[in-house]
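Participant: Below you'll find target-v2.pdb; it's PDB, C-alpha atoms.
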```pdb
MODEL        1
ATOM      1  CA  MET A  18       0.000   0.000   0.000
ATOM      2  CA  SER A  19       1.556   3.328  -1.060
ATOM      3  CA  LEU A  20      -0.520   5.263   1.459
ATOM      4  CA  GLU A  21       1.624   7.303   3.841
ATOM      5  CA  ILE A  22       0.574   7.584   7.478
ATOM      6  CA  ARG A  23       1.694  10.848   9.079
ATOM      7  CA  SER A  24       1.232  12.022  12.649
ATOM      8  CA  LEU A  25       1.241  15.324  14.528
ATOM      9  CA  GLY A  26       1.055  15.965  18.254
ATOM     10  CA  LEU A  27       0.876  12.317  19.401
ATOM     11  CA  ASP A  28       3.213  10.600  21.839
ATOM     12  CA  GLU A  29       5.104   7.567  20.520
ATOM     13  CA  GLN A  30       2.981   4.834  22.134
ATOM     14  CA  ARG A  31      -0.312   6.408  21.094
ATOM     15  CA  ARG A  32       1.016   7.009  17.569
ATOM     16  CA  ARG A  33       2.044   3.363  17.160
ATOM     17  CA  ARG A  34      -1.325   2.100  18.426
ATOM     18  CA  VAL A  35      -3.339   4.384  16.190
ATOM     19  CA  GLU A  36      -1.147   3.677  13.158
ATOM     20  CA  SER A  37      -1.639  -0.072  13.601
ATOM     21  CA  SER A  38      -5.406   0.453  13.807
ATOM     22  CA  VAL A  39      -5.395   2.590  10.650
ATOM     23  CA  VAL A  40      -3.361  -0.043   8.787
ATOM     24  CA  ASN A  41      -5.681  -2.800  10.075
ATOM     25  CA  ALA A  42      -8.782  -0.940   8.933
ATOM     26  CA  LEU A  43      -7.415   0.070   5.534
ATOM     27  CA  SER A  44      -6.195  -3.464   4.814
ATOM     28  CA  ILE A  45      -9.733  -4.435   3.756
ATOM     29  CA  CYS A  46      -9.889  -1.668   1.127
ATOM     30  CA  THR A  47      -8.960  -2.506  -2.454
ATOM     31  CA  ALA A  48      -6.234  -0.658  -4.346
ATOM     32  CA  GLY A  49      -8.924   0.894  -6.540
ATOM     33  CA  GLU A  50     -10.738   2.318  -3.530
ATOM     34  CA  LEU A  51      -7.582   3.967  -2.222
ATOM     35  CA  ALA A  52      -6.264   5.078  -5.640
ATOM     36  CA  GLY A  53      -5.329   8.747  -5.568
ATOM     37  CA  LEU A  54      -5.292   8.894  -1.763
ATOM     38  CA  LYS A  55      -1.712   9.668  -0.696
ATOM     39  CA  TYR A  56      -1.763  10.189   3.066
ATOM     40  CA  VAL A  57      -3.644   9.789   6.330
ATOM     41  CA  LEU A  58      -2.717  12.414   8.909
ATOM     42  CA  ILE A  59      -3.435  11.358  12.492
ATOM     43  CA  ARG A  60      -3.256  14.216  14.938
ATOM     44  CA  ASP A  61      -4.565  15.797  18.099
ATOM     45  CA  SER A  62      -6.666  18.916  17.757
ATOM     46  CA  SER A  63      -4.138  20.603  20.064
ATOM     47  CA  SER A  64      -1.657  20.450  17.167
ATOM     48  CA  LEU A  65      -3.817  22.837  15.116
ATOM     49  CA  SER A  66      -2.241  26.213  14.500
ATOM     50  CA  SER A  67      -4.221  29.347  15.363
ATOM     51  CA  MET A  68      -5.026  29.813  11.655
ATOM     52  CA  GLU A  69      -6.253  26.205  11.391
ATOM     53  CA  ARG A  70      -8.426  26.587  14.514
ATOM     54  CA  LYS A  71     -10.242  29.481  12.865
ATOM     55  CA  GLU A  72     -10.584  27.649   9.539
ATOM     56  CA  ARG A  73     -14.121  26.581   8.740
ATOM     57  CA  VAL A  74     -14.988  23.396   6.864
ATOM     58  CA  ARG A  75     -18.215  22.180   5.334
ATOM     59  CA  SER A  76     -20.055  19.592   7.420
ATOM     60  CA  ARG A  77     -23.580  18.238   7.860
ATOM     61  CA  GLY A  78     -24.854  21.403   9.466
ATOM     62  CA  GLY A  79     -23.095  23.900   7.205
ATOM     63  CA  LEU A  80     -19.754  25.494   8.046
ATOM     64  CA  VAL A  81     -18.045  24.369  11.262
ATOM     65  CA  ASN A  82     -14.794  25.392  12.944
ATOM     66  CA  LYS A  83     -12.074  22.862  12.250
ATOM     67  CA  LYS A  84     -11.417  22.445  15.988
ATOM     68  CA  ARG A  85     -14.867  20.798  16.386
ATOM     69  CA  ILE A  86     -14.608  18.028  13.778
ATOM     70  CA  VAL A  87     -13.336  14.443  14.126
ATOM     71  CA  GLY A  88     -12.027  13.984  10.596
ATOM     72  CA  LEU A  89     -11.878  15.520   7.155
ATOM     73  CA  TYR A  90     -11.118  14.698   3.545
ATOM     74  CA  ARG A  91      -8.748  16.926   1.607
ATOM     75  CA  HIS A  92      -9.419  16.957  -2.128
ATOM     76  CA  ALA A  93      -6.441  16.743  -4.445
ATOM     77  CA  THR A  94      -5.160  20.057  -5.768
ATOM     78  CA  ARG A  95      -2.362  20.926  -8.155
ATOM     79  CA  ARG A  96       0.001  21.355  -5.216
ATOM     80  CA  GLU A  97      -1.232  18.706  -2.761
ATOM     81  CA  PRO A  98      -2.476  15.136  -3.252
ATOM     82  CA  ALA A  99      -5.748  13.913  -1.734
ATOM     83  CA  GLY A 100      -5.559  12.930   1.921
ATOM     84  CA  LEU A 101      -7.440  12.320   5.151
ATOM     85  CA  GLU A 102      -7.074  13.975   8.544
ATOM     86  CA  LEU A 103      -8.224  12.249  11.731
ATOM     87  CA  PHE A 104      -8.385  14.048  15.071
ATOM     88  CA  ILE A 105      -7.654  11.245  17.516
ATOM     89  CA  ASP A 106      -8.462  13.145  20.704
ATOM     90  CA  LYS A 107     -11.912  14.024  19.332
ATOM     91  CA  ILE A 108     -12.640  10.469  18.120
ATOM     92  CA  PHE A 109     -11.766   8.904  21.474
ATOM     93  CA  SER A 110     -12.916  11.737  23.771
ATOM     94  CA  SER A 111     -16.245  10.103  24.643
ATOM     95  CA  TYR A 112     -14.620   7.037  26.195
ATOM     96  CA  PRO A 113     -12.091   6.412  28.971
ATOM     97  CA  GLY A 114      -8.523   5.794  27.824
ATOM     98  CA  TRP A 115      -8.315   2.172  29.002
ATOM     99  CA  PHE A 116     -11.290   1.281  26.790
ATOM    100  CA  PHE A 117      -9.071   1.508  23.721
ATOM    101  CA  SER A 118      -6.210  -0.628  24.954
ATOM    102  CA  LEU A 119      -7.952  -3.458  23.079
ATOM    103  CA  GLU A 120      -6.887  -3.443  19.427
ATOM    104  CA  ALA A 121     -10.272  -4.566  18.080
ATOM    105  CA  LEU A 122     -12.259  -1.822  19.818
ATOM    106  CA  ARG A 123      -9.748   0.865  18.917
ATOM    107  CA  THR A 124      -9.752  -0.219  15.273
ATOM    108  CA  LEU A 125     -13.539  -0.374  15.020
ATOM    109  CA  PHE A 126     -14.156   3.034  16.592
ATOM    110  CA  LEU A 127     -11.399   4.622  14.521
ATOM    111  CA  ALA A 128     -12.600   2.861  11.355
ATOM    112  CA  LYS A 129     -16.028   4.451  11.655
ATOM    113  CA  VAL A 130     -14.540   7.919  11.125
ATOM    114  CA  LEU A 131     -11.784   6.726   8.771
ATOM    115  CA  PHE A 132     -14.235   4.961   6.449
ATOM    116  CA  HIS A 133     -16.554   7.977   6.414
ATOM    117  CA  GLU A 134     -13.655  10.074   5.116
ATOM    118  CA  VAL A 135     -12.691   7.325   2.644
ATOM    119  CA  GLY A 136     -16.338   7.524   1.524
ATOM    120  CA  HIS A 137     -15.816  11.200   0.647
ATOM    121  CA  HIS A 138     -12.756  10.167  -1.377
ATOM    122  CA  LEU A 139     -14.737   7.470  -3.175
ATOM    123  CA  GLN A 140     -17.491   9.933  -3.950
ATOM    124  CA  ALA A 141     -14.969  12.385  -5.392
ATOM    125  CA  THR A 142     -13.097   9.806  -7.478
ATOM    126  CA  ARG A 143     -16.154   7.876  -8.682
ATOM    127  CA  ARG A 144     -18.221  11.032  -9.141
ATOM    128  CA  VAL A 145     -21.213   9.691  -7.239
ATOM    129  CA  LYS A 146     -24.154  12.118  -7.143
ATOM    130  CA  GLY A 147     -26.170  12.858  -4.037
ATOM    131  CA  ASN A 148     -25.857  14.356  -0.578
ATOM    132  CA  PRO A 149     -22.122  14.097   0.244
ATOM    133  CA  GLU A 150     -22.689  13.064   3.865
ATOM    134  CA  LYS A 151     -25.245  10.384   3.009
ATOM    135  CA  VAL A 152     -23.049   8.978   0.249
ATOM    136  CA  ALA A 153     -20.020   8.935   2.591
ATOM    137  CA  ASP A 154     -22.132   7.218   5.278
ATOM    138  CA  SER A 155     -23.240   4.610   2.746
ATOM    139  CA  PHE A 156     -19.638   3.836   1.766
ATOM    140  CA  ARG A 157     -18.704   3.814   5.475
ATOM    141  CA  ASP A 158     -21.404   1.263   6.274
ATOM    142  CA  ASP A 159     -20.273  -1.016   3.431
ATOM    143  CA  LEU A 160     -16.632  -0.825   4.508
ATOM    144  CA  MET A 161     -17.528  -1.383   8.184
ATOM    145  CA  LYS A 162     -19.460  -4.535   7.264
ATOM    146  CA  ARG A 163     -16.506  -5.763   5.231
ATOM    147  CA  LEU A 164     -14.114  -5.058   8.128
ATOM    148  CA  GLY A 165     -16.383  -6.819  10.612
ATOM    149  CA  ARG A 166     -16.774  -9.877   8.416
ATOM    150  CA  SER A 167     -13.111 -10.204   7.506
ATOM    151  CA  ARG A 168     -11.297  -9.239  10.726
ATOM    152  CA  TYR A 169     -13.715  -9.296  13.638
ATOM    153  CA  ARG A 170     -16.245 -12.010  12.875
ATOM    154  CA  TRP A 171     -15.989 -13.200  16.485
ATOM    155  CA  LEU A 172     -17.489  -9.897  17.672
ATOM    156  CA  ILE A 173     -20.864 -10.888  16.207
ATOM    157  CA  TRP A 174     -21.470 -13.035  19.281
ATOM    158  CA  ILE A 175     -20.869 -10.201  21.695
ATOM    159  CA  ARG A 176     -22.069  -7.300  19.544
ATOM    160  CA  TRP A 177     -25.199  -6.410  21.516
ATOM    161  CA  PRO A 178     -23.690  -6.676  25.012
ATOM    162  CA  LEU A 179     -20.643  -4.752  23.777
ATOM    163  CA  ARG A 180     -22.818  -2.010  22.272
ATOM    164  CA  TRP A 181     -24.750  -1.721  25.536
ATOM    165  CA  ILE A 182     -21.533  -1.558  27.580
ATOM    166  CA  ALA A 183     -20.058   1.066  25.220
ATOM    167  CA  ARG A 184     -23.151   3.267  25.575
ATOM    168  CA  LEU A 185     -23.107   2.865  29.356
ATOM    169  CA  LEU A 186     -19.388   3.697  29.598
ATOM    170  CA  ARG A 187     -19.818   6.680  27.303
ATOM    171  CA  ALA A 188     -22.710   8.009  29.388
ATOM    172  CA  LEU A 189     -20.753   7.523  32.620
ATOM    173  CA  PHE A 190     -17.598   9.054  31.218
ATOM    174  CA  LEU A 191     -19.431  12.084  29.823
ATOM    175  CA  SER A 192     -21.341  12.617  33.077
ATOM    176  CA  GLU A 193     -18.049  12.490  35.046
ATOM    177  CA  ARG A 194     -16.582  15.141  32.766
ATOM    178  CA  GLY A 195     -19.710  17.303  32.955
ATOM    179  CA  VAL A 196     -20.334  17.214  29.215
ATOM    180  CA  GLU A 197     -23.943  17.670  28.183
ATOM    181  CA  GLY A 198     -23.904  15.082  25.392
ATOM    182  CA  GLU A 199     -22.261  17.410  22.887
ATOM    183  CA  LYS A 200     -21.723  15.564  19.616
ATOM    184  CA  SER A 201     -18.698  16.122  17.408
ATOM    185  CA  LYS A 202     -19.199  16.577  13.694
ATOM    186  CA  SER A 203     -17.278  14.938  10.897
TER     187      SER A 203
ENDMDL
END
```
So that I can check it, write out the structure of this file as structure tokens.

Facilitator:
Amino acid sequence: MSLEIRSLGLDEQRRRRVESSVVNALSICTAGELAGLKYVLIRDSSSLSSMERKERVRSRGGLVNKKRIVGLYRHATRREPAGLELFIDKIFSSYPGWFFSLEALRTLFLAKVLFHEVGHHLQATRRVKGNPEKVADSFRDDLMKRLGRSRYRWLIWIRWPLRWIARLLRALFLSERGVEGEKSKS
């Protein structure tokens, strides 16, 4: 795979864990699906410059500050190839840190955002018409099913209890932090 994985603002252990999850998730994608995509940038939102924090990007609800999103797709330009940016602190902020010490859970939660952004790339390269967010969600769902069937088939047996536990942990973690259920946008 000629896809480069870059990182900004992550400590070494966290970077290695997230990189392995990105590689695991992208391993189910075909070369045609990733054609034209040159990099995945994994970073913390704290690594955003002051100019980047003020930058606004298009999202489901219109224009949103870049500091509030969990991921984005960068279209190819004459100067820069197409790429993805994932904000790791935002993706994992709703759960306690120990929850993601398990490779499977970390990969699945990261893949949800990663595949949504890959969906934007697929829409751009295949010129699929329709609402960009709905099309990206459709591609995400297809890729998530493929990942689940190929890598984590054993999770089918514990899917419902795991989903219930994840919701419970998220609710507890958010209530401990005093967050009022604020949802991040992608």

Participant: Please evaluate the PyMOL selection byres ((chain A and resi 103-107) around 9) against the displayed coordinates and give the resulting residues as a short mmCIF file (atom, residue, chain, number, x, y, z; two decimals) with C-alpha atoms, in the frame of the given file.

Facilitator:
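Contents of the output file expr_39.cif:
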```cif
data_model
loop_
_atom_site.label_atom_id
_atom_site.label_comp_id
_atom_site.auth_asym_id
_atom_site.auth_seq_id
_atom_site.Cartn_x
_atom_site.Cartn_y
_atom_site.Cartn_z
CA LEU A 27 0.88 12.32 19.40
CA VAL A 35 -3.34 4.38 16.19
CA VAL A 57 -3.64 9.79 6.33
CA LEU A 58 -2.72 12.41 8.91
CA ILE A 59 -3.44 11.36 12.49
CA ARG A 60 -3.26 14.22 14.94
CA ASP A 61 -4.57 15.80 18.10
CA SER A 62 -6.67 18.92 17.76
CA SER A 63 -4.14 20.60 20.06
CA LYS A 84 -11.42 22.44 15.99
CA ARG A 85 -14.87 20.80 16.39
CA ILE A 86 -14.61 18.03 13.78
CA VAL A 87 -13.34 14.44 14.13
CA GLY A 88 -12.03 13.98 10.60
CA LEU A 89 -11.88 15.52 7.16
CA LEU A 101 -7.44 12.32 5.15
CA GLU A 102 -7.07 13.98 8.54
CA ILE A 108 -12.64 10.47 18.12
CA PHE A 109 -11.77 8.90 21.47
CA SER A 110 -12.92 11.74 23.77
CA SER A 111 -16.24 10.10 24.64
CA LEU A 127 -11.40 4.62 14.52
CA VAL A 130 -14.54 7.92 11.12
CA LEU A 131 -11.78 6.73 8.77
CA GLU A 134 -13.66 10.07 5.12
CA SER A 201 -18.70 16.12 17.41
#
```

Participant: Separation of CA of Gly79 in chain A and CA of Gln140 in chain A, in Å?

Facilitator: 18.7 Å

Participant: Check the smallest atom-to-atom distance from each of A:Ser64, A:Ser76, A:Asn41, A:Asn82 to Arg168 in chain A using all atoms listed in the file, then report the winner.

Facilitator: A:Asn41

Participant: Taking all listed atoms of range 54-70 of chain A, build the axis-aligned box, pad each of the six sides by 6 Å, then write its centre and edge lengths in Å to one decimal as JSON.

Facilitator:
```
{"center_x": -5.0, "center_y": 19.4, "center_z": 9.2, "size_x": 18.8, "size_y": 32.9, "size_z": 33.8}
```

Participant: Closest to Met161 in chain A among A:Ala48, A:Leu119, A:Val135, A:Leu20, using only C-alpha atoms?

Facilitator: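 Nearest candidate to Met161 in chain A out of A:Ala48, A:Leu119, A:Val135, A:Leu20: A:Val135.
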
Participant: Write out as number ranges by chain the residues lying within 10 Å of Ala183 in chain A, counting only C-alpha atoms and excluding same-chain residues fewer than 5 positions away.

Facilitator: A: 111-112, 116, 122, 177-178, 188-189

Participant: Those residues with C-alpha atoms, as a CSV table (one decimal), in the coordinates of the input please?

Facilitator:
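The resulting out.csv:
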```csv
chain,number,residue,atom,x,y,z
A,111,SER,CA,-16.2,10.1,24.6
A,112,TYR,CA,-14.6,7.0,26.2
A,116,PHE,CA,-11.3,1.3,26.8
A,122,LEU,CA,-12.3,-1.8,19.8
A,177,TRP,CA,-25.2,-6.4,21.5
A,178,PRO,CA,-23.7,-6.7,25.0
A,188,ALA,CA,-22.7,8.0,29.4
A,189,LEU,CA,-20.8,7.5,32.6
```

Participant: Please enumerate the residues selected by the PyMOL selection byres ((chain A and resi 137) around 9) when evaluated against the supplied file, formatted as a PDB file with C-alpha atoms, keeping the file's coordinate frame.

Facilitator:
```pdb
ATOM      1  CA  LEU A  89     -11.878  15.520   7.155  1.00  0.00           C
ATOM      2  CA  TYR A  90     -11.118  14.698   3.545  1.00  0.00           C
ATOM      3  CA  PHE A 132     -14.235   4.961   6.449  1.00  0.00           C
ATOM      4  CA  HIS A 133     -16.554   7.977   6.414  1.00  0.00           C
ATOM      5  CA  GLU A 134     -13.655  10.074   5.116  1.00  0.00           C
ATOM      6  CA  VAL A 135     -12.691   7.325   2.644  1.00  0.00           C
ATOM      7  CA  GLY A 136     -16.338   7.524   1.524  1.00  0.00           C
ATOM      8  CA  HIS A 138     -12.756  10.167  -1.377  1.00  0.00           C
ATOM      9  CA  LEU A 139     -14.737   7.470  -3.175  1.00  0.00           C
ATOM     10  CA  GLN A 140     -17.491   9.933  -3.950  1.00  0.00           C
ATOM     11  CA  ALA A 141     -14.969  12.385  -5.392  1.00  0.00           C
ATOM     12  CA  THR A 142     -13.097   9.806  -7.478  1.00  0.00           C
ATOM     13  CA  PRO A 149     -22.122  14.097   0.244  1.00  0.00           C
ATOM     14  CA  GLU A 150     -22.689  13.064   3.865  1.00  0.00           C
ATOM     15  CA  VAL A 152     -23.049   8.978   0.249  1.00  0.00           C
ATOM     16  CA  ALA A 153     -20.020   8.935   2.591  1.00  0.00           C
ATOM     17  CA  ASP A 154     -22.132   7.218   5.278  1.00  0.00           C
ATOM     18  CA  PHE A 156     -19.638   3.836   1.766  1.00  0.00           C
TER      19      PHE A 156
END
```

Participant: Have a look at CA of Ala42 in chain A and CA of Leu125 in chain A and let me know their distance in Å, one decimal.

Facilitator: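 Interatomic distance here is 7.7 Å.
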
Participant: Using only C-alpha atoms, can you tell me which of A:Phe190, A:Arg163, A:Phe117, A:Arg143 comes closest to Glu50 in chain A?

Facilitator: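 Looking only at the distances to Glu50 in chain A, the closest residue turns out to be A:Arg143.
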
Participant: Interatomic distance between CA of Arg32 in chain A and CA of Ser19 in chain A?

Facilitator: 19.0 Å

Participant: Mind checking which residues fall within 10 Å of Arg77 in chain A, counting all atoms listed in the file, ignoring those fewer than 2 positions away in the same chain, and posting them as an NGL selection string?

Facilitator: :A and (75 or 79-81 or 148-151 or 202-203)

Participant: Ranking A:His92, A:Lys71, A:Lys162, A:Arg34 by minimum distance to Ala121 in chain A and counting all atoms listed in the file, which one comes first?

Facilitator: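 Smallest distance to Ala121 in chain A is found for A:Arg34.
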